[in-house]
file protein-v1.json (JSON, C-alpha atoms (C1' of nucleotides))
[["chain", "number", "residue", "atom", "x", "y", "z"],
["A", 1291, "MET", "CA", -20.98, -15.97, -5.23],
["A", 1292, "ARG", "CA", -18.92, -14.35, -2.49],
["A", 1293, "ILE", "CA", -15.34, -15.39, -1.64],
["A", 1294, "ALA", "CA", -13.22, -13.94, 1.15],
["A", 1295, "THR", "CA", -9.89, -14.17, 2.95],
["A", 1296, "TRP", "CA", -9.04, -13.37, 6.56],
["A", 1297, "ASN", "CA", -5.99, -13.77, 8.75],
["A", 1298, "VAL", "CA", -7.79, -14.42, 12.05],
["A", 1299, "ASN", "CA", -4.71, -14.66, 14.32],
["A", 1300, "SER", "CA", -5.91, -17.82, 16.14],
["A", 1301, "ILE", "CA", -9.18, -19.47, 15.15],
["A", 1302, "ARG", "CA", -9.96, -20.49, 18.72],
["A", 1303, "SER", "CA", -9.70, -16.95, 20.10],
["A", 1304, "ARG", "CA", -11.62, -15.55, 17.10],
["A", 1305, "ILE", "CA", -14.31, -18.17, 16.48],
["A", 1306, "ASP", "CA", -17.18, -16.10, 17.90],
["A", 1307, "ARG", "CA", -16.28, -13.16, 15.68],
["A", 1308, "VAL", "CA", -15.76, -15.34, 12.60],
["A", 1309, "GLU", "CA", -19.09, -17.06, 13.14],
["A", 1310, "ALA", "CA", -20.94, -13.75, 13.53],
["A", 1311, "TRP", "CA", -19.15, -12.34, 10.49],
["A", 1312, "LEU", "CA", -20.10, -15.28, 8.26],
["A", 1313, "GLN", "CA", -23.71, -15.01, 9.37],
["A", 1314, "ARG", "CA", -24.00, -11.33, 8.48],
["A", 1315, "THR", "CA", -21.86, -11.16, 5.32],
["A", 1316, "ASP", "CA", -23.35, -13.96, 3.22],
["A", 1317, "VAL", "CA", -19.89, -15.23, 2.26],
["A", 1318, "ASP", "CA", -19.87, -18.62, 0.53],
["A", 1319, "VAL", "CA", -16.18, -19.44, 0.81],
["A", 1320, "LEU", "CA", -13.70, -18.08, 3.37],
["A", 1321, "ALA", "CA", -9.95, -18.71, 3.25],
["A", 1322, "ILE", "CA", -8.45, -18.44, 6.72],
["A", 1323, "GLN", "CA", -4.84, -17.86, 7.79],
["A", 1324, "GLU", "CA", -3.08, -18.22, 11.14],
["A", 1325, "THR", "CA", -5.46, -20.74, 12.66],
["A", 1326, "LYS", "CA", -2.64, -21.49, 15.16],
["A", 1327, "ALA", "CA", -4.10, -24.94, 15.76],
["A", 1328, "THR", "CA", -3.86, -28.62, 14.98],
["A", 1329, "ASP", "CA", -6.95, -30.47, 13.77],
["A", 1330, "GLU", "CA", -7.53, -31.65, 17.36],
["A", 1331, "LYS", "CA", -8.09, -28.06, 18.47],
["A", 1332, "PHE", "CA", -9.78, -26.67, 15.36],
["A", 1333, "PRO", "CA", -13.48, -25.84, 15.95],
["A", 1334, "PHE", "CA", -14.84, -27.88, 13.01],
["A", 1335, "ASP", "CA", -18.25, -28.22, 14.67],
["A", 1336, "ARG", "CA", -18.81, -24.48, 14.85],
["A", 1337, "PHE", "CA", -18.47, -24.16, 11.06],
["A", 1338, "ARG", "CA", -20.45, -27.29, 10.27],
["A", 1339, "ALA", "CA", -23.30, -26.01, 12.42],
["A", 1340, "LEU", "CA", -23.43, -22.97, 10.11],
["A", 1341, "GLY", "CA", -23.49, -25.17, 7.02],
["A", 1342, "TYR", "CA", -19.84, -24.84, 6.02],
["A", 1343, "ASP", "CA", -17.53, -27.71, 5.11],
["A", 1344, "VAL", "CA", -13.97, -27.30, 6.38],
["A", 1345, "ALA", "CA", -10.52, -28.10, 5.00],
["A", 1346, "HIS", "CA", -7.76, -27.36, 7.51],
["A", 1347, "HIS", "CA", -3.98, -27.69, 7.35],
["A", 1348, "GLY", "CA", -2.42, -27.13, 10.76],
["A", 1349, "LEU", "CA", 0.70, -28.84, 12.09],
["A", 1350, "ASN", "CA", 1.24, -27.08, 15.44],
["A", 1351, "HIS", "CA", 0.39, -23.82, 17.19],
["A", 1352, "TRP", "CA", 2.09, -21.70, 14.51],
["A", 1353, "ASN", "CA", 0.73, -20.74, 11.08],
["A", 1354, "GLY", "CA", -2.20, -22.94, 9.99],
["A", 1355, "VAL", "CA", -4.46, -22.34, 6.98],
["A", 1356, "ALA", "CA", -8.00, -23.36, 6.17],
["A", 1357, "VAL", "CA", -10.88, -22.96, 3.73],
["A", 1358, "VAL", "CA", -14.50, -23.13, 4.81],
["A", 1359, "SER", "CA", -17.19, -23.42, 2.16],
["A", 1360, "ARG", "CA", -20.95, -23.79, 1.95],
["A", 1361, "ILE", "CA", -20.79, -24.73, -1.76],
["A", 1362, "GLY", "CA", -18.68, -27.86, -1.22],
["A", 1363, "ILE", "CA", -14.95, -28.62, -1.03],
["A", 1364, "ASP", "CA", -13.03, -31.04, -3.27],
["A", 1365, "ASP", "CA", -9.43, -31.81, -4.24],
["A", 1366, "ILE", "CA", -7.93, -30.82, -0.88],
["A", 1367, "GLU", "CA", -4.16, -30.35, -1.23],
["A", 1368, "PRO", "CA", -1.99, -29.15, 1.68],
["A", 1369, "SER", "CA", 1.11, -27.06, 0.82],
["A", 1370, "PHE", "CA", 2.51, -27.24, -2.75],
["A", 1371, "PRO", "CA", 5.24, -29.19, -4.58],
["A", 1372, "ASP", "CA", 8.79, -28.67, -3.29],
["A", 1373, "ALA", "CA", 7.72, -26.10, -0.69],
["A", 1374, "PRO", "CA", 10.84, -24.89, 1.16],
["A", 1375, "GLY", "CA", 11.04, -25.59, 4.89],
["A", 1376, "TRP", "CA", 12.22, -23.51, 7.83],
["A", 1377, "GLY", "CA", 14.61, -24.43, 10.64],
["A", 1378, "GLU", "CA", 17.41, -26.94, 11.07],
["A", 1379, "PRO", "CA", 16.61, -29.43, 9.75],
["A", 1380, "PRO", "CA", 14.16, -27.59, 7.45],
["A", 1381, "VAL", "CA", 10.52, -28.36, 8.19],
["A", 1382, "VAL", "CA", 7.73, -27.51, 5.76],
["A", 1383, "GLU", "CA", 5.22, -25.33, 7.58],
["A", 1384, "ALA", "CA", 1.42, -25.16, 7.30],
["A", 1385, "ARG", "CA", 1.28, -22.07, 5.10],
["A", 1386, "ALA", "CA", -0.72, -23.09, 2.02],
["A", 1387, "LEU", "CA", -3.81, -25.14, 1.27],
["A", 1388, "THR", "CA", -5.51, -25.55, -2.10],
["A", 1389, "VAL", "CA", -9.09, -26.71, -2.56],
["A", 1390, "SER", "CA", -11.73, -26.66, -5.27],
["A", 1391, "CYS", "CA", -15.08, -24.99, -4.58],
["A", 1392, "GLY", "CA", -17.71, -24.95, -7.31],
["A", 1393, "GLY", "CA", -15.04, -25.50, -9.95],
["A", 1394, "ILE", "CA", -12.83, -22.67, -8.65],
["A", 1395, "HIS", "CA", -9.34, -23.54, -7.40],
["A", 1396, "LEU", "CA", -8.55, -21.57, -4.27],
["A", 1397, "THR", "CA", -5.26, -21.44, -2.38],
["A", 1398, "SER", "CA", -5.24, -20.04, 1.16],
["A", 1399, "VAL", "CA", -1.74, -18.61, 1.60],
["A", 1400, "TYR", "CA", 0.16, -17.40, 4.64],
["A", 1401, "VAL", "CA", 3.47, -16.10, 3.27],
["A", 1402, "PRO", "CA", 6.47, -16.21, 5.65],
["A", 1403, "ASN", "CA", 7.00, -12.88, 7.41],
["A", 1404, "GLY", "CA", 10.64, -12.32, 6.46],
["A", 1405, "ARG", "CA", 11.27, -10.54, 9.78],
["A", 1406, "ASN", "CA", 14.12, -8.29, 8.56],
["A", 1407, "ILE", "CA", 15.69, -7.64, 5.17],
["A", 1408, "ALA", "CA", 18.98, -9.35, 6.19],
["A", 1409, "ASP", "CA", 17.36, -12.21, 8.16],
["A", 1410, "PRO", "CA", 17.57, -15.82, 6.89],
["A", 1411, "HIS", "CA", 13.78, -15.80, 7.18],
["A", 1412, "MET", "CA", 13.76, -13.32, 4.28],
["A", 1413, "ASP", "CA", 15.60, -15.82, 2.07],
["A", 1414, "TYR", "CA", 13.05, -18.42, 3.13],
["A", 1415, "LYS", "CA", 10.21, -16.04, 2.27],
["A", 1416, "VAL", "CA", 11.53, -15.37, -1.24],
["A", 1417, "ALA", "CA", 12.30, -19.03, -1.94],
["A", 1418, "TRP", "CA", 8.85, -20.03, -0.68],
["A", 1419, "LEU", "CA", 7.20, -17.50, -3.01],
["A", 1420, "GLU", "CA", 9.27, -18.70, -5.97],
["A", 1421, "ARG", "CA", 8.06, -22.28, -5.50],
["A", 1422, "LEU", "CA", 4.46, -21.18, -4.98],
["A", 1423, "ARG", "CA", 4.74, -19.09, -8.15],
["A", 1424, "ALA", "CA", 5.90, -22.10, -10.16],
["A", 1425, "ARG", "CA", 2.78, -24.04, -9.16],
["A", 1426, "ALA", "CA", 0.52, -21.03, -9.64],
["A", 1427, "ALA", "CA", 1.85, -20.41, -13.14],
["A", 1428, "GLN", "CA", 0.71, -23.88, -14.16],
["A", 1429, "ARG", "CA", -2.85, -22.90, -13.30],
["A", 1430, "VAL", "CA", -2.73, -19.90, -15.63],
["A", 1431, "ALA", "CA", -1.29, -22.07, -18.41],
["A", 1432, "ALA", "CA", -4.05, -24.62, -17.85],
["A", 1433, "GLY", "CA", -6.70, -21.93, -18.14],
["A", 1434, "GLU", "CA", -8.00, -22.65, -14.65],
["A", 1435, "THR", "CA", -10.39, -20.42, -12.78],
["A", 1436, "ALA", "CA", -8.13, -20.02, -9.78],
["A", 1437, "ALA", "CA", -7.12, -17.55, -7.09],
["A", 1438, "LEU", "CA", -4.44, -17.22, -4.42],
["A", 1439, "LEU", "CA", -5.80, -15.43, -1.40],
["A", 1440, "GLY", "CA", -4.36, -14.63, 1.96],
["A", 1441, "ASP", "CA", -1.74, -12.78, 3.96],
["A", 1442, "TRP", "CA", 1.20, -12.09, 1.65],
["A", 1443, "ASN", "CA", 3.25, -10.06, 4.15],
["A", 1444, "ILE", "CA", 4.24, -7.78, 1.26],
["A", 1445, "ALA", "CA", 3.18, -4.21, 0.52],
["A", 1446, "PRO", "CA", 3.71, -4.07, -3.26],
["A", 1447, "GLN", "CA", 3.30, -0.32, -3.73],
["A", 1448, "ASP", "CA", 4.32, 2.73, -1.71],
["A", 1449, "ASP", "CA", 0.61, 3.55, -1.32],
["A", 1450, "ASP", "CA", 0.21, 0.24, 0.50],
["A", 1451, "VAL", "CA", 1.88, 1.50, 3.68],
["A", 1452, "TRP", "CA", 1.01, 4.48, 5.86],
["A", 1453, "SER", "CA", 4.59, 5.78, 5.71],
["A", 1454, "MET", "CA", 7.46, 4.76, 3.46],
["A", 1455, "GLU", "CA", 9.83, 6.63, 5.77],
["A", 1456, "TYR", "CA", 8.75, 4.36, 8.63],
["A", 1457, "TYR", "CA", 9.21, 1.18, 6.60],
["A", 1458, "LEU", "CA", 12.51, 2.19, 4.99],
["A", 1459, "ASP", "CA", 14.92, -0.76, 5.26],
["A", 1460, "LYS", "CA", 12.23, -2.86, 6.99],
["A", 1461, "SER", "CA", 10.54, -6.04, 5.82],
["A", 1462, "HIS", "CA", 7.42, -6.05, 3.56],
["A", 1463, "VAL", "CA", 8.49, -3.23, 1.18],
["A", 1464, "SER", "CA", 11.94, -4.33, -0.01],
["A", 1465, "PRO", "CA", 12.67, -4.68, -3.75],
["A", 1466, "ARG", "CA", 13.21, -8.46, -3.35],
["A", 1467, "GLU", "CA", 9.78, -8.99, -1.82],
["A", 1468, "ARG", "CA", 8.06, -6.69, -4.26],
["A", 1469, "ALA", "CA", 9.73, -8.48, -7.18],
["A", 1470, "ALA", "CA", 8.57, -11.82, -5.78],
["A", 1471, "PHE", "CA", 4.98, -10.56, -5.67],
["A", 1472, "GLN", "CA", 5.22, -8.92, -9.09],
["A", 1473, "GLY", "CA", 6.25, -12.28, -10.53],
["A", 1474, "PHE", "CA", 2.73, -13.61, -10.01],
["A", 1475, "LEU", "CA", 1.31, -10.61, -11.86],
["A", 1476, "ASP", "CA", 3.84, -11.06, -14.66],
["A", 1477, "ASP", "CA", 2.56, -14.62, -15.04],
["A", 1478, "GLY", "CA", -0.99, -13.37, -15.56],
["A", 1479, "TYR", "CA", -2.49, -13.08, -12.08],
["A", 1480, "VAL", "CA", -4.59, -9.99, -11.39],
["A", 1481, "ASP", "CA", -5.21, -8.13, -8.11],
["A", 1482, "VAL", "CA", -9.01, -8.27, -8.27],
["A", 1483, "VAL", "CA", -9.57, -6.15, -5.16],
["A", 1484, "ARG", "CA", -7.62, -2.95, -5.83],
["A", 1485, "PRO", "CA", -9.82, -1.68, -8.70],
["A", 1486, "HIS", "CA", -12.74, -1.70, -6.27],
["A", 1487, "THR", "CA", -10.84, -0.33, -3.25],
["A", 1488, "PRO", "CA", -8.59, 2.46, -4.55],
["A", 1489, "GLY", "CA", -6.01, 4.09, -2.28],
["A", 1490, "PRO", "CA", -4.16, 5.77, -0.84],
["A", 1491, "GLY", "CA", -4.87, 5.06, 2.81],
["A", 1492, "VAL", "CA", -6.66, 1.75, 2.16],
["A", 1493, "TYR", "CA", -5.20, -1.06, 4.25],
["A", 1494, "THR", "CA", -5.94, -4.60, 5.44],
["A", 1495, "TYR", "CA", -3.65, -4.83, 8.48],
["A", 1496, "TRP", "CA", -2.91, -2.61, 11.45],
["A", 1497, "ASP", "CA", -0.40, -3.45, 14.18],
["A", 1498, "TYR", "CA", -1.87, -4.07, 17.62],
["A", 1499, "THR", "CA", 0.60, -1.68, 19.21],
["A", 1500, "GLN", "CA", 0.86, 2.12, 19.33],
["A", 1501, "LEU", "CA", -2.86, 2.66, 18.53],
["A", 1502, "ALA", "CA", -1.98, 1.98, 14.88],
["A", 1503, "PHE", "CA", -5.59, 1.39, 13.79],
["A", 1504, "GLN", "CA", -6.90, 4.52, 15.49],
["A", 1505, "LYS", "CA", -4.09, 6.52, 13.88],
["A", 1506, "ARG", "CA", -4.79, 4.92, 10.48],
["A", 1507, "ARG", "CA", -1.27, 3.53, 10.34],
["A", 1508, "GLY", "CA", -1.81, 0.34, 8.36],
["A", 1509, "MET", "CA", -0.55, -1.77, 5.49],
["A", 1510, "ARG", "CA", -2.24, -3.46, 2.53],
["A", 1511, "ILE", "CA", -0.73, -6.95, 2.70],
["A", 1512, "ASP", "CA", -3.77, -9.23, 2.26],
["A", 1513, "PHE", "CA", -4.51, -9.91, -1.40],
["A", 1514, "ILE", "CA", -6.77, -11.90, -3.66],
["A", 1515, "ILE", "CA", -5.06, -12.44, -6.98],
["A", 1516, "GLY", "CA", -6.77, -14.49, -9.67],
["A", 1517, "THR", "CA", -6.12, -16.03, -13.04],
["A", 1518, "PRO", "CA", -7.61, -14.19, -16.04],
["A", 1519, "ALA", "CA", -10.57, -16.61, -15.97],
["A", 1520, "PHE", "CA", -11.15, -15.78, -12.30],
["A", 1521, "ALA", "CA", -10.68, -12.03, -12.77],
["A", 1522, "ALA", "CA", -13.25, -12.01, -15.56],
["A", 1523, "ARG", "CA", -15.91, -13.12, -13.08],
["A", 1524, "VAL", "CA", -15.21, -10.50, -10.40],
["A", 1525, "GLU", "CA", -17.97, -7.90, -10.06],
["A", 1526, "GLY", "CA", -16.87, -6.15, -6.89],
["A", 1527, "ALA", "CA", -14.66, -6.24, -3.83],
["A", 1528, "ALA", "CA", -14.38, -4.77, -0.34],
["A", 1529, "ILE", "CA", -12.13, -4.62, 2.70],
["A", 1530, "ASP", "CA", -14.20, -4.98, 5.87],
["A", 1531, "ARG", "CA", -12.41, -2.37, 7.96],
["A", 1532, "GLU", "CA", -15.23, -2.41, 10.52],
["A", 1533, "GLU", "CA", -14.14, -5.89, 11.58],
["A", 1534, "ARG", "CA", -10.80, -4.48, 12.83],
["A", 1535, "LYS", "CA", -12.68, -2.42, 15.44],
["A", 1536, "GLY", "CA", -13.40, -3.22, 19.05],
["A", 1537, "LYS", "CA", -12.17, -5.65, 21.65],
["A", 1538, "GLY", "CA", -11.10, -9.07, 20.41],
["A", 1539, "ALA", "CA", -10.43, -8.06, 16.78],
["A", 1540, "SER", "CA", -7.80, -9.72, 14.63],
["A", 1541, "ASP", "CA", -5.03, -7.39, 13.48],
["A", 1542, "HIS", "CA", -6.18, -8.12, 9.89],
["A", 1543, "ALA", "CA", -9.47, -7.17, 8.24],
["A", 1544, "PRO", "CA", -11.38, -9.58, 5.97],
["A", 1545, "VAL", "CA", -11.17, -9.02, 2.20],
["A", 1546, "VAL", "CA", -14.17, -10.01, 0.07],
["A", 1547, "VAL", "CA", -14.80, -10.43, -3.66],
["A", 1548, "GLN", "CA", -18.16, -10.73, -5.38],
["A", 1549, "LEU", "CA", -18.23, -13.10, -8.36],
["A", 1550, "ALA", "CA", -20.81, -13.43, -11.10],
["A", 1551, "GLY", "CA", -22.90, -16.58, -10.94],
["B", 172, "DA", "C1'", 13.17, 5.23, 22.50],
["B", 173, "DT", "C1'", 13.90, -3.04, 20.71],
["B", 174, "DG", "C1'", 9.11, 0.21, 23.25],
["B", 175, "DG", "C1'", 4.18, -1.27, 22.29],
["B", 176, "DT", "C1'", -0.01, -5.59, 22.11],
["B", 177, "DA", "C1'", -1.74, -10.09, 21.26],
["B", 178, "DG", "C1'", -1.59, -15.22, 21.01],
["B", 179, "DC", "C1'", 0.43, -19.76, 21.85],
["B", 180, "DC", "C1'", 2.55, -25.47, 23.93],
["B", 181, "DC", "C1'", 2.53, -20.09, 29.88],
["B", 182, "DT", "C1'", 7.07, -18.34, 28.54],
["B", 183, "DG", "C1'", 10.04, -17.04, 25.26],
["B", 184, "DC", "C1'", 8.98, -16.83, 20.58],
["B", 185, "DT", "C1'", 6.32, -15.03, 16.68],
["B", 186, "DA", "C1'", 4.13, -11.37, 14.45]]
call {"tool": "encode", "arguments": {"input": "protein-v1.json", "output": "structure tokens"}}
result
Amino acid sequence: MRIATWNVNSIRSRIDRVEAWLQRTDVDVLAIQETKATDEKFPFDRFRALGYDVAHHGLNHWNGVAVVSRIGIDDIEPSFPDAPGWGEPPVVEARALTVSCGGIHLTSVYVPNGRNIADPHMDYKVAWLERLRARAAQRVAAGETAALLGDWNIAPQDDDVWSMEYYLDKSHVSPRERAAFQGFLDDGYVDVVRPHTPGPGVYTYWDYTQLAFQKRRGMRIDFIIGTPAFAARVEGAAIDREERKGKGASDHAPVVVQLAG
DNA sequence: ATGGTAGCCCTGCTA
């Protein structure tokens, strides 16, 4: 079984690429982030024509998460308990969606950006992760085969950015964010991709500006972390860097794991 | 050098 995650940066602008990618990669389940669409504008038919069921959580033209699966989708649950909101008054955004596919609990996550280390959005980011962690920890305790996959907007290690000098005092590498990510690992979650894609210089995201991709100036911020039961089934993983190439690419590359069975 | 590029409710915001 093959499971993947991909921040597509608008499903409508990327649907041709996503369709072609699914057809050539033999992926069974794909978690999508930044659909930037409501259900009315989500291209359900394109996925169904390929044999994939769709669960989508999109409230407006920001954020938006989905899971598409050709092995069935059950137990669809948007967001998570007590998810913090953003704005005044606070509004809970479409940044998480949990489903069950073939007995595996999968959460498509689009972690708030944080913007800057002193920005209120950073407090929102950390609070959001704390609440997600509380729910995720229950899955470890329950012995579930589960994974959280998506765009975490955190580079946990210095090797996960092209230059620590460049990112000094910027978002994504601060101790607060790294501690928030580490919390999931402390609870028993495992980065199932890194053992199969060792660094340095291995990234999942490259800024659109300044020829960042061509200059290999990227970040590793898209992760698949699984419970011990999930991790035990992982046989391999890859970052599809080729998909970042060419006109009309997302700024993120897909990340894929191969599971036994 | 708050530039650069891409996407959305097409225009200022988000990333």
call {"tool": "atom_distance", "arguments": {"input": "protein-v1.json", "atom1": "CA of Ile1407 in chain A", "atom2": "CA of Ala1373 in chain A"}}
result
20.9 Å
call {"tool": "residues_around", "arguments": {"input": "protein-v1.json", "residues": "range 1389-1395 of chain A", "least_positions_apart": "2", "cutoff": "9 Å", "atoms": "only C-alpha atoms (C1' of nucleotides)", "output": "ChimeraX atom specification"}}
result
/A:1319,1345,1357,1359-1368,1387,1397-1398,1429,1434-1438,1520
call {"tool": "axis_aligned_box", "arguments": {"input": "protein-v1.json", "around": "range 179-186 of chain B", "padding_each_side": "3 Å", "output": "AutoDock Vina command-line options"}}
result
--center_x 5.2 --center_y -18.4 --center_z 22.2 --size_x 15.6 --size_y 20.1 --size_z 21.4
call {"tool": "interface_residues", "arguments": {"input": "protein-v1.json", "of": "chain A", "to": "chain B", "cutoff": "6 Å", "atoms": "all atoms listed in the file", "output": "PDB file with C-alpha atoms, keeping the file's coordinate frame"}}
result
ATOM      1  CA  TYR A1498      -1.870  -4.070  17.620  1.00  0.00           C
ATOM      2  CA  THR A1499       0.600  -1.680  19.210  1.00  0.00           C
ATOM      3  CA  GLN A1500       0.860   2.120  19.330  1.00  0.00           C
TER       4      GLN A1500
END
call {"tool": "residues_around", "arguments": {"input": "protein-v1.json", "residues": "Ser1453 in chain A", "least_positions_apart": "4", "cutoff": "9 Å", "atoms": "only C-alpha atoms (C1' of nucleotides)", "output": "PyMOL selection string"}}
result
chain A and resi 1448-1449+1457-1458+1507-1508
call {"tool": "atom_distance", "arguments": {"input": "protein-v1.json", "atom1": "CA of Met1509 in chain A", "atom2": "CA of Val1492 in chain A"}}
result
7.8 Å
call {"tool": "residues_near_point", "arguments": {"input": "protein-v1.json", "point": "(-13.3, -7.3, 0.0)", "cutoff": "6 Å", "atoms": "all atoms listed in the file", "output": "list in words"}}
result
Ala1527, Ala1528, Ile1529, Val1545, Val1546 and Val1547 of chain A
call {"tool": "atom_distance", "arguments": {"input": "protein-v1.json", "atom1": "CA of Asp1318 in chain A", "atom2": "CA of Asn1403 in chain A"}}
result
28.3 Å
call {"tool": "residues_around", "arguments": {"input": "protein-v1.json", "residues": "Pro1544 in chain A", "least_positions_apart": "2", "cutoff": "7 Å", "atoms": "only C-alpha atoms (C1' of nucleotides)", "output": "list in words"}}
result
Ala1294, Thr1295, Trp1296, Ile1529, Asp1530, His1542 and Val1546 of chain A
call {"tool": "closest_residue", "arguments": {"input": "protein-v1.json", "among": "A:Phe1370, A:Trp1376, A:Tyr1456, A:Tyr1400", "to": "Arg1423 in chain A", "atoms": "all atoms listed in the file"}}
result
A:Phe1370
